[in-house]
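Novice: Below are the structure tokens for one structure; questions will follow.
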Amino acid sequence: MSLTAHRFRSAGALLGTLVLSLACVNVPTSASAGSKPSHNPKPGDTSCATTGSVDFGVDLAGDGWKFTTGDDPSWSDPAFTDTGWRDWSVPDNWGNHSDLSSYDGFAWYRKTFTLPARPAGVTDSTIIAALGKIDDADQAFLNGQEIGRTGGFPPTFDSTWEVPREYYPADGLLRWGGTNVLAVRVYDGTGGGGFYQGPVGLYSKARLRTLAGVTGTAATRTQLAQACAVLSRQHRAVASGDVRGYAATLAPGFFHQGDTADRRVAELRALLKKGRVTLTDAQAEVFVDRQGRLVVDTIRSWTGLPPARELLYIDPRKPVELGDHARFFRDDYDSAAMNRRAQFNVYLPKSYTRTSAKRYPVVYMLNGFNGSNIEWEARDIDAVLDKLIVEKNLEETIVVFPDGDSGWYVDTSAGNFRSMILKEIVPMVDRNYRTVADREHRGISGVSMGGQGAFTLGLTNPDLFSSIASHMGALSFAPLVGTTEERAANAGLRPLTLVAGMSAADLNRHRFYFDGGDSDEYRFGAAAQQMSTALAAKGVRHDYQLGAGRHDDAYWMPKLDRSFGLHTEQFRAHPVRQPREPKQPKSSYTWP
């Protein structure tokens, strides 16, 4: 998609850096309700939003926490006595404590704190409990009531270490001017665990925007009315099935989290075919950015789809919605292969939003075990790629990051990850983005489990992918997922086995890059050596590196220039005649 799930991207540790999309929001059903514009608002109506929340925050990071391993539901009770627990500080990594260095399992955190008297204009439902990032899954309770959870606990463990936590307390839950207790149940499946990145606290939207470097001034009543007019026109058009009326609220050149106006309209038509559709905006706040754009910080809900917090950019002179022109964002769609909505992240090079005809090669980048598409946000991969393209003269490339979870990029009872990528995401990306849609301009890369997947998907689909790259990949492993029977059926999808059974001519249809650390805990450095020997024995050209390092980001991320350099060589070896670029409409605004 697109009509939904454009969650806010976290600024993480770079709280002083401007970002145009903030952290993922977990919004309970009750929070999706809120002030809505009337269907026939009067001119100058401002009831759909406010001019901004009070700048309020209570920072809960640092000392004063209590911690214990184990699991007991009574520990969520604010009356529970935790004086026997260990004194603790967050953010943390419990693996740094000698007695917990090898501990994987449940642990609980509790923080008792006093809130000030309720500030004027603040309600409980406008406060966000931001808990930063937690390794791996969590369930949070405020004053004994669950306010949200992310990830999955055993027996259906789901690691969500990379997902920023934002939870919305219900009205009446906070004890203003009194004592409050935040209790967080955490499960770690592997490695260190705990709160590894902030912010951690209770904040208004205004304070979270400040922490993320998103700044502006409060809208005037006139500006607020302009924003409400656009939202009201959108709500009315969607509710009445008036697709043209909705399209008229989108500016020429509209681009929002991957959606052009045409794509947005097509998705609305598809929703309308399923029945009546409504669009609502809750807890909307309007401010004005430095360029004079009206920015609506809202929780937006489309019928049948989960609410999502978004920043909507509105041109006050028209007024129409401009889109955010983002170049790194989450896309999603209804996946038949996965029988659920599936996500993937997209990176667009700088010239993409400044052109309308130019087409680009694509690299598919696969995550490692216990990861997802969201982990790339934690790595600020967009900034990394921007820098590499400039400093290393790499080809401007669209990069797509599917959600591989821990599925080893095969089809099993754990999920049809192979079909999701090959049959759904690849053709969808070619339909919705300006790609050069042929195998000569489509590469595949991966890290660890993803490196294994890059080899298996690439080698078995030579008509789709021409360049293959693996960083510290599991090249000596067959897919470790599914039932005993499924694992046996996929045993041949071991990269070293695949290469051994292929001819030199078939292998030479691809370009290869792969690496591994000499101190890799899983011996994937040795696997890379074996792969180099196997390819060399068949006279297959490849770029291979064994270097000092372990199985971590510090080893492989500095080598991205090598893998993307390989893809660049392949793309430039097959030059493309670009279509004539039409004259771009002048814009008063600058986009990232």
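The way I read the labels, and the way they are meant: chains A, B, ... in the order of the structure tokens, residue 1 as the first residue of every chain, and ligand 1 as the first ligand shown, with later ones counted on from there.
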Could you build a table of the residues in region 298-366 of chain A lying no more than 8 Å from region 434-439 of chain A, giving for each the nearest pair of atoms and their separation in Å rounded to one decimal place, using only C-alpha atoms, ordered by chain and ascending residue number, as a Markdown table?

Specialist:
| residue | atom | partner | partner_atom | distance |
| --- | --- | --- | --- | --- |
| A:Ala357 | CA | A:Arg434 | CA | 7.4 |
| A:Lys358 | CA | A:Arg434 | CA | 6.9 |
| A:Arg359 | CA | A:Arg434 | CA | 4.8 |
| A:Tyr360 | CA | A:Thr435 | CA | 4.7 |
| A:Pro361 | CA | A:Val436 | CA | 5.3 |
| A:Val362 | CA | A:Thr435 | CA | 6.7 |

Novice: Let me see the file: selected residues, N, CA, C and O atoms, as a compact mmCIF listing (two decimals), in the first residue's frame.

Specialist:
# COMPACT_ATOMS: atom_id res chain seq x y z
N ALA A 357 9.90 10.77 -15.35
CA ALA A 357 9.99 9.78 -16.41
C ALA A 357 11.17 8.83 -16.24
O ALA A 357 11.10 7.67 -16.66
N LYS A 358 12.24 9.29 -15.64
CA LYS A 358 13.45 8.49 -15.52
C LYS A 358 13.18 7.17 -14.81
O LYS A 358 12.45 7.12 -13.82
N ARG A 359 13.80 6.09 -15.32
CA ARG A 359 13.65 4.77 -14.74
C ARG A 359 14.96 4.31 -14.11
O ARG A 359 16.04 4.71 -14.53
N TYR A 360 14.84 3.44 -13.11
CA TYR A 360 15.99 3.09 -12.26
C TYR A 360 16.12 1.58 -12.11
O TYR A 360 15.12 0.85 -12.09
N PRO A 361 17.36 1.09 -11.96
CA PRO A 361 17.55 -0.31 -11.60
C PRO A 361 17.10 -0.55 -10.16
O PRO A 361 16.89 0.41 -9.41
N VAL A 362 16.96 -1.82 -9.79
CA VAL A 362 16.45 -2.17 -8.47
C VAL A 362 17.35 -3.22 -7.83
O VAL A 362 17.79 -4.16 -8.50

Novice: Identify, on the basis of only C-alpha atoms, every residue whose closest approach to Asp506 (chain A) does not exceed 10 Å; exclude the query and any residue fewer than 3 positions from it along the same chain; express the result as a ChimeraX atom specification.

Specialist: /A:459,462,499,502-503,509-510,540

Novice: In terms of the shortest atom-to-atom distance over only C-alpha atoms, which of A:Gly258, A:Gly152, A:Gly443, A:Gly84 is closest to Phe571 (chain A)?

Specialist: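 Of A:Gly258, A:Gly152, A:Gly443, A:Gly84, the one nearest Phe571 (chain A), counting only C-alpha atoms, is A:Gly443.
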
Novice: Could you pull out the residues in region 344-564 of chain A that DSSP calls strand (DSSP E) from the backbone, as number ranges by chain?

Specialist: A: 344-347, 362-366, 398-402, 411-412, 415-416, 442-447, 467-471, 511-517, 543-547

Novice: Near Asp552 (chain A), within 10 Å and counting only C-alpha atoms, which residues show up once chain neighbours fewer than 2 positions away are dropped, as a VMD selection string?

Specialist: chain A and resid 447 to 448 472 517 520 to 521 549 to 550 554 to 557

Novice: Go ahead and compute the interatomic distance for CA of Leu366 (chain A) and CA of Gln452 (chain A), in Å to one decimal.

Specialist: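 These two atoms are separated by 9.2 Å.
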
Novice: Sorted by chain and rising residue number, which residues of region 284-393 of chain A lie within 10 Å of region 232-236 of chain A, and what are their closest atom pairs and distances in Å to one decimal, counting only C-alpha atoms, as a Markdown table?

Specialist:
| residue | atom | partner | partner_atom | distance |
| --- | --- | --- | --- | --- |
| A:Trp302 | CA | A:His235 | CA | 9.9 |
| A:Val320 | CA | A:Arg233 | CA | 9.8 |
| A:Glu321 | CA | A:Gln234 | CA | 9.8 |

Novice: Just to confirm, what's the straight-line distance from CA of Val265 (chain A) to CA of Gly44 (chain A) in Å (one decimal)?

Specialist: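 Rounded to one decimal, the two atoms are 27.4 Å apart.
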
Novice: Quick check for you: according to DSSP on this backbone, which residues of region 312-540 of chain A are classed as helix (DSSP H, G or I)? Reply as JSON, numbers by chain.

Specialist: {"A": [352, 353, 354, 375, 376, 377, 378, 381, 382, 383, 384, 385, 386, 387, 388, 389, 390, 391, 417, 418, 419, 420, 421, 422, 423, 424, 425, 426, 427, 428, 429, 430, 431, 432, 439, 440, 441, 449, 450, 451, 452, 453, 454, 455, 456, 457, 458, 459, 460, 484, 485, 486, 487, 488, 489, 495, 496, 497, 498, 499, 500, 504, 505, 506, 507, 524, 525, 526, 527, 528, 529, 530, 531, 532, 533, 534, 535, 536, 537]}

Novice: What is the CA of Val186 (chain A)-CA of Leu305 (chain A) distance in Å, reported with one decimal?

Specialist: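 Answer for the CA of Val186 (chain A) to CA of Leu305 (chain A) separation: 27.6 Å.
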
Novice: Near region 174-181 of chain A, counting only C-alpha atoms, which residues have an atom at most 12 Å away, once you skip same-chain residues fewer than 2 positions from it, shown as a PyMOL selection string?

Specialist: chain A and resi 58+60+64-66+75-82+109-120+122-129+140-147+168-172+183-184+202
